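Containing mmCIF, C-alpha atoms: final.cif.
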data_run
loop_
_atom_site.label_atom_id
_atom_site.label_comp_id
_atom_site.auth_asym_id
_atom_site.auth_seq_id
_atom_site.Cartn_x
_atom_site.Cartn_y
_atom_site.Cartn_z
CA MET A 1 132.29 213.63 42.62
CA SER A 2 129.11 212.46 40.90
CA ASP A 3 126.10 211.63 43.05
CA THR A 4 125.04 208.93 40.56
CA VAL A 5 125.07 205.50 42.22
CA LEU A 6 123.73 203.48 39.29
CA GLN A 7 123.71 204.26 35.58
CA LEU A 8 122.37 202.22 32.67
CA LEU A 9 123.32 203.29 29.14
CA ASN A 10 121.39 201.88 26.17
CA VAL A 11 120.89 198.48 27.81
CA GLU A 12 119.20 195.77 25.79
CA SER A 13 118.29 192.34 27.20
CA ALA A 14 116.41 189.42 25.70
CA TYR A 15 114.97 186.00 26.40
CA GLY A 16 116.11 184.03 23.38
CA PRO A 17 114.85 185.89 20.29
CA ILE A 18 112.44 188.06 22.32
CA LYS A 19 113.75 191.50 23.28
CA ALA A 20 112.54 192.38 26.77
CA ILE A 21 114.20 195.78 27.20
CA ARG A 22 115.34 197.99 24.33
CA GLY A 23 117.95 200.70 24.76
CA VAL A 24 117.11 201.50 28.40
CA SER A 25 119.05 204.37 29.95
CA LEU A 26 118.44 205.53 33.51
CA LYS A 27 120.21 206.94 36.56
CA VAL A 28 119.70 206.41 40.27
CA ARG A 29 121.20 209.09 42.50
CA GLN A 30 122.67 208.72 45.96
CA GLY A 31 120.07 208.62 48.73
CA GLU A 32 116.96 208.67 46.52
CA ILE A 33 114.17 206.23 45.83
CA ALA A 34 113.74 205.86 42.07
CA THR A 35 110.88 203.88 40.57
CA VAL A 36 110.19 202.19 37.24
CA LEU A 37 106.50 202.04 36.35
CA GLY A 38 104.91 200.00 33.61
CA SER A 39 102.25 197.47 32.79
CA ASN A 40 102.68 193.73 33.18
CA GLY A 41 105.26 192.48 30.68
CA ALA A 42 106.74 195.92 30.03
CA GLY A 43 110.21 194.72 31.09
CA LYS A 44 110.48 196.09 34.62
CA THR A 45 111.70 192.88 36.26
CA THR A 46 114.14 192.30 33.39
CA ILE A 47 115.82 195.63 34.16
CA LEU A 48 116.50 194.55 37.75
CA LYS A 49 117.68 191.08 36.74
CA THR A 50 120.06 192.62 34.22
CA ILE A 51 121.48 195.02 36.79
CA SER A 52 122.07 192.26 39.36
CA GLY A 53 123.72 189.93 36.85
CA ILE A 54 121.00 187.30 36.61
CA ILE A 55 120.57 188.16 32.91
CA ASP A 56 123.46 189.29 30.72
CA PRO A 57 122.61 192.26 28.50
CA ARG A 58 122.97 191.97 24.72
CA LYS A 59 124.04 195.60 24.46
CA GLY A 60 124.80 198.61 26.62
CA SER A 61 126.60 199.16 29.90
CA ILE A 62 125.82 199.25 33.62
CA GLU A 63 127.87 201.24 36.12
CA PHE A 64 127.52 200.96 39.89
CA ARG A 65 129.39 203.49 42.03
CA GLY A 66 131.58 204.35 39.05
CA GLN A 67 132.51 200.73 38.32
CA ASN A 68 131.43 198.77 35.25
CA ILE A 69 129.40 195.76 36.47
CA THR A 70 127.95 194.79 33.08
CA ALA A 71 127.38 191.00 32.98
CA LYS A 72 129.41 190.47 36.16
CA ASP A 73 128.69 187.47 38.38
CA PRO A 74 125.73 188.12 40.77
CA ALA A 75 127.84 187.18 43.83
CA TYR A 76 130.45 189.75 42.81
CA ILE A 77 127.77 192.43 42.37
CA VAL A 78 126.39 191.72 45.86
CA GLN A 79 129.89 192.11 47.28
CA GLN A 80 130.11 195.57 45.70
CA GLY A 81 127.11 196.70 47.77
CA LEU A 82 124.03 195.95 45.68
CA SER A 83 121.16 193.79 47.02
CA HIS A 84 118.24 192.44 45.01
CA VAL A 85 114.83 191.64 46.56
CA PRO A 86 113.29 189.52 43.80
CA GLU A 87 109.67 189.29 42.76
CA GLY A 88 108.04 186.47 44.71
CA ARG A 89 110.34 186.90 47.78
CA GLU A 90 112.34 183.66 47.35
CA VAL A 91 113.20 183.16 51.01
CA PHE A 92 114.94 179.95 52.10
CA PRO A 93 111.84 178.04 53.27
CA LEU A 94 113.60 175.35 55.34
CA LEU A 95 115.84 177.79 57.20
CA SER A 96 114.68 179.74 60.23
CA VAL A 97 113.87 183.43 59.99
CA ARG A 98 117.09 184.28 61.84
CA ASP A 99 119.18 182.04 59.58
CA ASN A 100 117.63 183.71 56.51
CA LEU A 101 118.78 187.04 57.92
CA LEU A 102 122.27 185.70 58.55
CA MET A 103 122.39 184.42 54.96
CA GLY A 104 121.88 188.03 53.88
CA ALA A 105 125.01 188.99 55.83
CA TYR A 106 127.24 186.24 54.49
CA THR A 107 129.66 188.68 52.82
CA ARG A 108 130.20 190.67 56.04
CA LYS A 109 133.00 190.26 58.59
CA ASP A 110 131.76 192.78 61.20
CA ARG A 111 129.96 190.51 63.66
CA ASP A 112 128.96 193.39 65.94
CA GLY A 113 127.49 195.28 62.98
CA VAL A 114 125.57 192.20 61.88
CA ALA A 115 124.12 191.82 65.38
CA ARG A 116 123.08 195.49 65.40
CA ASP A 117 121.44 195.19 62.00
CA ILE A 118 119.45 192.13 63.09
CA GLU A 119 118.02 194.20 65.94
CA THR A 120 117.37 197.04 63.48
CA VAL A 121 115.30 194.86 61.15
CA TYR A 122 113.45 193.41 64.16
CA GLY A 123 112.59 197.02 64.96
CA TYR A 124 111.21 197.55 61.46
CA PHE A 125 109.33 194.24 61.47
CA PRO A 126 108.65 193.04 65.05
CA ILE A 127 106.84 189.93 63.78
CA LEU A 128 110.20 188.63 62.51
CA LYS A 129 111.60 188.73 66.04
CA GLU A 130 108.57 186.81 67.30
CA ARG A 131 109.07 184.20 64.56
CA ALA A 132 112.89 184.19 64.61
CA ALA A 133 113.14 180.43 65.25
CA GLN A 134 110.35 179.47 62.86
CA ASP A 135 111.00 178.07 59.37
CA ALA A 136 110.62 180.88 56.83
CA GLY A 137 108.40 178.70 54.65
CA LEU A 138 105.72 178.79 57.36
CA LEU A 139 105.43 182.58 57.27
CA SER A 140 102.54 184.32 55.52
CA GLY A 141 103.17 186.03 52.19
CA GLY A 142 103.41 189.42 53.83
CA GLN A 143 105.80 188.17 56.48
CA GLN A 144 107.98 186.57 53.80
CA GLN A 145 108.11 189.93 52.01
CA MET A 146 109.25 191.55 55.26
CA LEU A 147 111.91 188.87 55.60
CA ALA A 148 113.11 189.30 52.00
CA ILE A 149 113.53 193.05 52.49
CA SER A 150 115.25 192.49 55.84
CA ARG A 151 117.62 189.92 54.36
CA ALA A 152 118.65 192.52 51.77
CA ILE A 153 119.31 195.07 54.52
CA MET A 154 121.56 192.56 56.29
CA ALA A 155 124.07 192.84 53.44
CA ALA A 156 124.50 196.54 54.40
CA PRO A 157 124.01 197.54 50.75
CA GLN A 158 124.51 200.91 49.12
CA LEU A 159 121.61 200.15 46.77
CA ILE A 160 118.58 197.85 47.05
CA LEU A 161 116.71 196.65 43.96
CA LEU A 162 113.13 196.06 45.08
CA ASP A 163 110.86 194.10 42.72
CA GLU A 164 107.07 194.32 43.20
CA PRO A 165 106.99 194.46 47.03
CA SER A 166 103.16 194.75 47.00
CA LEU A 167 102.63 191.57 44.95
CA GLY A 168 99.84 189.48 46.50
CA LEU A 169 99.51 191.68 49.58
CA SER A 170 96.44 193.38 51.02
CA PRO A 171 96.17 197.19 50.69
CA LYS A 172 96.81 197.56 54.44
CA LEU A 173 99.95 195.43 54.37
CA THR A 174 101.14 197.12 51.17
CA LYS A 175 100.89 200.48 52.94
CA GLU A 176 102.89 199.17 55.90
CA ILE A 177 105.60 197.73 53.65
CA PHE A 178 105.96 201.00 51.74
CA GLU A 179 106.17 203.01 54.97
CA ILE A 180 109.08 200.82 56.08
CA VAL A 181 110.77 201.10 52.67
CA VAL A 182 110.68 204.90 53.01
CA ARG A 183 112.04 204.64 56.57
CA ILE A 184 114.92 202.45 55.41
CA ASN A 185 115.78 205.03 52.77
CA ARG A 186 115.50 208.04 55.12
CA GLU A 187 117.03 206.54 58.27
CA ARG A 188 119.79 204.42 56.76
CA GLY A 189 120.45 206.52 53.66
CA THR A 190 120.03 203.40 51.50
CA THR A 191 119.39 204.17 47.84
CA ILE A 192 116.49 202.18 46.37
CA LEU A 193 115.42 201.31 42.82
CA LEU A 194 111.81 200.19 43.02
CA VAL A 195 109.80 198.29 40.42
CA GLU A 196 106.08 198.33 41.21
CA GLN A 197 102.70 197.97 39.51
CA ASN A 198 100.93 199.92 42.25
CA ALA A 199 101.75 203.26 40.63
CA ASN A 200 100.03 205.33 43.30
CA MET A 201 102.13 203.83 46.11
CA ALA A 202 105.32 203.96 44.06
CA LEU A 203 104.93 207.60 43.02
CA ASN A 204 104.11 208.70 46.57
CA ALA A 205 107.11 206.86 48.04
CA SER A 206 109.68 207.74 45.37
CA ASP A 207 111.65 210.82 44.34
CA TYR A 208 112.17 210.16 40.63
CA GLY A 209 110.33 207.95 38.17
CA TYR A 210 110.66 206.27 34.79
CA VAL A 211 107.75 204.94 32.74
CA LEU A 212 108.51 201.80 30.77
CA GLU A 213 106.40 200.71 27.81
CA ASN A 214 107.21 197.73 25.57
CA GLY A 215 110.76 197.61 26.89
CA ARG A 216 111.52 201.31 26.35
CA ILE A 217 111.60 204.31 28.69
CA VAL A 218 108.94 206.63 27.30
CA ILE A 219 108.94 209.31 29.98
CA GLU A 220 110.92 210.30 33.06
CA ASP A 221 110.53 213.07 35.63
CA THR A 222 110.32 213.77 39.34
CA CYS A 223 107.50 211.80 40.92
CA GLU A 224 105.85 215.02 41.98
CA ARG A 225 105.56 216.10 38.35
CA LEU A 226 104.67 212.62 37.10
CA ARG A 227 101.68 212.53 39.47
CA GLU A 228 100.35 215.65 37.75
CA LYS A 229 100.72 214.44 34.16
CA GLU A 230 97.33 213.58 32.65
CA ASP A 231 98.71 210.47 30.92
CA ILE A 232 99.93 209.08 34.24
CA LYS A 233 96.74 210.04 36.07
CA GLU A 234 94.54 208.33 33.49
CA PHE A 235 96.49 205.23 32.54
CA TYR A 236 98.38 204.43 35.74
CA LEU A 237 96.33 205.94 38.52
CA GLY A 238 92.95 205.37 36.86
CA LEU A 239 91.95 209.03 37.16
CA LYS A 240 90.39 211.18 34.45
CA ASP A 241 90.79 214.96 34.22
CA ASP A 242 87.89 215.50 36.61
CA GLY A 243 89.70 213.48 39.30
CA VAL A 244 87.29 210.55 39.37
CA ARG A 245 88.05 206.93 38.72
CA GLY A 246 88.43 206.32 35.00
CA GLU A 247 88.44 203.24 32.87
CA ARG A 248 91.83 201.52 32.83
CA ARG A 249 92.78 201.04 29.21
CA TRP A 250 95.93 201.05 27.13
CA LYS A 251 96.62 202.55 23.73
CA LYS A 252 99.40 201.00 21.67
CA LYS A 253 100.20 204.29 20.00
CA LYS A 254 100.04 206.70 22.88
CA THR A 255 101.68 210.09 22.55
CA TRP A 256 103.23 211.03 25.89
CA ARG A 257 103.16 214.64 26.93
#

Encoded form using structure tokens:
Amino acid sequence: MSDTVLQLLNVESAYGPIKAIRGVSLKVRQGEIATVLGSNGAGKTTILKTISGIIDPRKGSIEFRGQNITAKDPAYIVQQGLSHVPEGREVFPLLSVRDNLLMGAYTRKDRDGVARDIETVYGYFPILKERAAQDAGLLSGGQQQMLAISRAIMAAPQLILLDEPSLGLSPKLTKEIFEIVVRINRERGTTILLVEQNANMALNASDYGYVLENGRIVIEDTCERLREKEDIKEFYLGLKDDGVRGERRWKKKKTWR
């Protein structure tokens, strides 16, 4: 039996006449954290929206756990075991923290399991337990990100799509969020596809990585090897060959090694 949980084959998506991703193929394997790196506007978020059914692809196919989910309804895709934590969190601001968590579990019938998972996410993010009765819209940005991740966990997914979890957060809070993401993966065995502009955090947390440029995958490898590639060190981590901070700049016609 294949260990591939998610597979995209030559997927192309567009916003009107503008192609956002062009022939993207990638795999996410059972139990790993995979990451997609790329500059702003490269198409990272579009990949996740296409997988979760928010955007229908123009071409290509998407398989999740051996089943074709190309252009399926988002609610159906969630029921198959895939949760999406969108960019910008998108919590339900007028619902309490606890009710937001319960909304994440709306497809589940195992009440005892739901209760256990609420306690689990309170263990990951104790502040959510303290604020359980508070409206989610009154939480800080970092707390809302914690809630968005926790709400995804409450669906008991096989795979979580995680879009820019560090967006707008302080370095300290970003580090805490990534530590919990790794714990969720290791302790629960949840497979994660991560989209992130903080390449250093993403490469350190993930097992396998893809680099996206102008809507195309231009390089893929284990994150350990990607961290050692000079192109990645210079253009994504801001490091030159001598290991010091380099100028962040982009070349339109870059030859990847």

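Among the candidates A:Asp207, A:Met154, A:Ile77, A:Ile127, the one nearest to Ala115 in chain A when counting all atoms listed in the file is A:Met154.
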
List the neighbours of Thr4 in chain A out to 10 Å using all atoms listed in the file; skip same-chain residues closer than 4 positions along the sequence, and give me the result as a PDB file with C-alpha atoms, keeping the file's coordinate frame.
ATOM      1  CA  LYS A  27     120.210 206.940  36.560  1.00  0.00           C
ATOM      2  CA  VAL A  28     119.700 206.410  40.270  1.00  0.00           C
ATOM      3  CA  ARG A  29     121.200 209.090  42.500  1.00  0.00           C
ATOM      4  CA  GLN A  30     122.670 208.720  45.960  1.00  0.00           C
ATOM      5  CA  GLY A  31     120.070 208.620  48.730  1.00  0.00           C
ATOM      6  CA  GLU A  63     127.870 201.240  36.120  1.00  0.00           C
ATOM      7  CA  PHE A  64     127.520 200.960  39.890  1.00  0.00           C
ATOM      8  CA  ARG A  65     129.390 203.490  42.030  1.00  0.00           C
ATOM      9  CA  GLY A  66     131.580 204.350  39.050  1.00  0.00           C
TER      10      GLY A  66
END

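Within 10 Å of the point (114.2, 191.4, 62.4), and counting all atoms listed in the file, the protein, DNA and RNA residues are A:Val97, A:Arg98, A:Leu101, A:Asp117, A:Ile118, A:Glu119, A:Thr120, A:Val121, A:Tyr122, A:Gly123, A:Tyr124, A:Phe125, A:Pro126, A:Ile127, A:Leu128, A:Lys129, A:Glu130, A:Arg131, A:Ala132, A:Met146, A:Leu147, A:Ser150, A:Arg151, A:Met154.
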
Discussion item. For a quick check of your reading of the model, name the residues lying within 9 Å of the coordinate (130.8, 192.5, 53.9), counting all atoms listed in the file, and write them as a VMD selection string.
Written reply: chain A and resid 79 to 81 105 to 110 155 to 156

Fill in: Shortest interatomic distance to Gln158 in chain A - which of A:Thr174, A:Ser206, A:Ser96, A:Thr191, counting only C-alpha atoms
A:Thr191

Worksheet, complete the sentence: Nearest to Glu234 in chain A, restricted to only C-alpha atoms and choosing among A:Ala199, A:Ile62, A:Tyr210, A:Glu90, comes out as A:Ala199

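The interatomic distance for the pair CA of Gly141 in chain A and CA of Gly168 in chain A works out to 7.4 Å.
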
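Here CA of Lys44 in chain A is placed at a distance of 22.4 Å from CA of Leu173 in chain A.
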
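Atom to atom, CA of Leu6 in chain A and CA of Thr50 in chain A stand 12.5 Å apart.
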
Item to complete: For the file shown, report as number ranges by chain the outcome of the PyMOL selection byres ((chain A and resi 92) around 12) at residue level.
Response: A: 89-91, 93-104, 134-139, 144, 147-148, 151

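Summary of the local environment: counting all atoms listed in the file, residues at most 8 Å from Asn185 in chain A, other than itself and those fewer than 4 positions away along its chain, are Gly31, Glu32, Ile33, Val181, Gly189, Thr190, Thr191 and Ile192 of chain A.
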
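Counting all atoms listed in the file, the residue from A:Asn198, A:Asn40, A:Thr70, A:Ser52 that sits nearest to Ser83 in chain A is A:Ser52.
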
Could you give me, as CSV, a per-residue list for range 195-243 of chain A showing, wherever an atom lies at most 7 Å from an atom of range 13-24 of chain A, the closest pair of atoms and their distance in Å to one decimal, using all atoms listed in the file and sorting by chain then residue number from low to high?
residue,atom,partner,partner_atom,distance
A:Gly215,CA,A:Ile21,CA,3.9
A:Arg216,CA,A:Arg22,CA,5.4
A:Ile217,CA,A:Val24,CA,6.2

Worksheet item: Leaving out Tyr208 in chain A and any residue of its chain fewer than 2 positions from it, which residues lie within 7 Å of it when counting all atoms listed in the file, given as a ChimeraX atom specification?
Response: /A:33-35,206,221-223

Worksheet item: What residues come out when you apply the PyMOL selection byres ((chain A and resi 176) around 12) to this file, written as a list in words?
Response: Tyr124, Phe125, Gly142, Gln143, Gln145, Met146, Pro165, Ser166, Leu169, Ser170, Pro171, Lys172, Leu173, Thr174, Lys175, Ile177, Phe178, Glu179, Ile180, Val181, Val182, Arg183, Met201 and Ala205 of chain A

Result set of the PyMOL selection byres ((chain A and resi 162) around 9) on the coordinates above, as a compact mmCIF listing (two decimals) with C-alpha atoms, in the coordinates of the input:
# COMPACT_ATOMS: atom_id res chain seq x y z
CA LEU A 48 116.50 194.55 37.75
CA SER A 83 121.16 193.79 47.02
CA HIS A 84 118.24 192.44 45.01
CA VAL A 85 114.83 191.64 46.56
CA PRO A 86 113.29 189.52 43.80
CA GLU A 87 109.67 189.29 42.76
CA ILE A 149 113.53 193.05 52.49
CA ILE A 160 118.58 197.85 47.05
CA LEU A 161 116.71 196.65 43.96
CA ASP A 163 110.86 194.10 42.72
CA GLU A 164 107.07 194.32 43.20
CA PRO A 165 106.99 194.46 47.03
CA ILE A 192 116.49 202.18 46.37
CA LEU A 193 115.42 201.31 42.82
CA LEU A 194 111.81 200.19 43.02
CA VAL A 195 109.80 198.29 40.42
CA GLU A 196 106.08 198.33 41.21

Hey, could you patch up range 63-96 of chain A with N, CA and C atoms and hand it over as a short mmCIF file (atom, residue, chain, number, x, y, z; two decimals), in the coordinates of the input?
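So rebuild21.cif came out as:
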data_model
loop_
_atom_site.label_atom_id
_atom_site.label_comp_id
_atom_site.auth_asym_id
_atom_site.auth_seq_id
_atom_site.Cartn_x
_atom_site.Cartn_y
_atom_site.Cartn_z
N GLU A 63 126.87 200.79 35.16
CA GLU A 63 127.87 201.24 36.12
C GLU A 63 127.24 201.36 37.50
N PHE A 64 127.95 200.85 38.49
CA PHE A 64 127.52 200.96 39.89
C PHE A 64 128.65 201.57 40.69
N ARG A 65 128.39 202.74 41.25
CA ARG A 65 129.39 203.49 42.03
C ARG A 65 130.66 203.71 41.21
N GLY A 66 130.46 204.03 39.93
CA GLY A 66 131.58 204.35 39.05
C GLY A 66 132.31 203.16 38.47
N GLN A 67 131.85 201.95 38.79
CA GLN A 67 132.51 200.73 38.32
C GLN A 67 131.61 200.00 37.33
N ASN A 68 132.19 199.51 36.25
CA ASN A 68 131.43 198.77 35.25
C ASN A 68 131.11 197.38 35.79
N ILE A 69 129.81 197.09 35.97
CA ILE A 69 129.40 195.76 36.47
C ILE A 69 128.61 195.00 35.41
N THR A 70 128.70 195.44 34.15
CA THR A 70 127.95 194.79 33.08
C THR A 70 128.29 193.31 32.99
N ALA A 71 127.25 192.46 33.12
CA ALA A 71 127.38 191.00 32.98
C ALA A 71 128.34 190.37 33.99
N LYS A 72 128.58 191.06 35.10
CA LYS A 72 129.41 190.47 36.16
C LYS A 72 128.61 189.39 36.90
N ASP A 73 129.33 188.53 37.61
CA ASP A 73 128.69 187.47 38.38
C ASP A 73 127.83 188.08 39.50
N PRO A 74 126.61 187.55 39.73
CA PRO A 74 125.73 188.12 40.77
C PRO A 74 126.39 188.19 42.14
N ALA A 75 127.17 187.17 42.51
CA ALA A 75 127.84 187.18 43.83
C ALA A 75 128.82 188.35 43.93
N TYR A 76 129.51 188.62 42.84
CA TYR A 76 130.45 189.75 42.81
C TYR A 76 129.69 191.07 42.99
N ILE A 77 128.56 191.19 42.30
CA ILE A 77 127.77 192.43 42.37
C ILE A 77 127.25 192.66 43.79
N VAL A 78 126.82 191.60 44.46
CA VAL A 78 126.39 191.72 45.86
C VAL A 78 127.54 192.22 46.72
N GLN A 79 128.72 191.70 46.50
CA GLN A 79 129.89 192.11 47.28
C GLN A 79 130.24 193.58 47.09
N GLN A 80 129.84 194.15 45.96
CA GLN A 80 130.11 195.57 45.70
C GLN A 80 129.11 196.48 46.42
N GLY A 81 128.06 195.89 46.99
CA GLY A 81 127.11 196.70 47.77
C GLY A 81 125.74 196.85 47.15
N LEU A 82 125.34 195.89 46.32
CA LEU A 82 124.03 195.95 45.68
C LEU A 82 123.22 194.70 46.06
N SER A 83 122.04 194.91 46.64
CA SER A 83 121.16 193.79 47.02
C SER A 83 119.90 193.79 46.18
N HIS A 84 119.41 192.61 45.85
CA HIS A 84 118.24 192.44 45.01
C HIS A 84 117.17 191.69 45.79
N VAL A 85 116.00 192.32 45.97
CA VAL A 85 114.83 191.64 46.56
C VAL A 85 113.94 191.23 45.39
N PRO A 86 113.96 189.94 45.03
CA PRO A 86 113.29 189.52 43.80
C PRO A 86 111.77 189.48 43.93
N GLU A 87 111.11 189.50 42.80
CA GLU A 87 109.67 189.29 42.76
C GLU A 87 109.38 187.88 43.29
N GLY A 88 108.39 187.78 44.16
CA GLY A 88 108.04 186.47 44.71
C GLY A 88 108.83 186.09 45.95
N ARG A 89 109.64 187.02 46.49
CA ARG A 89 110.34 186.90 47.78
C ARG A 89 111.51 185.94 47.77
N GLU A 90 111.26 184.65 47.44
CA GLU A 90 112.34 183.66 47.35
C GLU A 90 113.17 183.58 48.63
N VAL A 91 112.49 183.44 49.77
CA VAL A 91 113.20 183.16 51.01
C VAL A 91 113.64 181.70 51.01
N PHE A 92 114.52 181.35 51.94
CA PHE A 92 114.94 179.95 52.10
C PHE A 92 113.93 179.27 53.03
N PRO A 93 113.00 178.49 52.48
CA PRO A 93 111.84 178.04 53.27
C PRO A 93 112.18 177.10 54.42
N LEU A 94 113.26 176.33 54.31
CA LEU A 94 113.60 175.35 55.34
C LEU A 94 114.57 175.89 56.39
N LEU A 95 115.01 177.13 56.21
CA LEU A 95 115.84 177.79 57.20
C LEU A 95 114.98 178.66 58.10
N SER A 96 115.42 178.87 59.32
CA SER A 96 114.68 179.74 60.23
C SER A 96 114.74 181.19 59.75
#
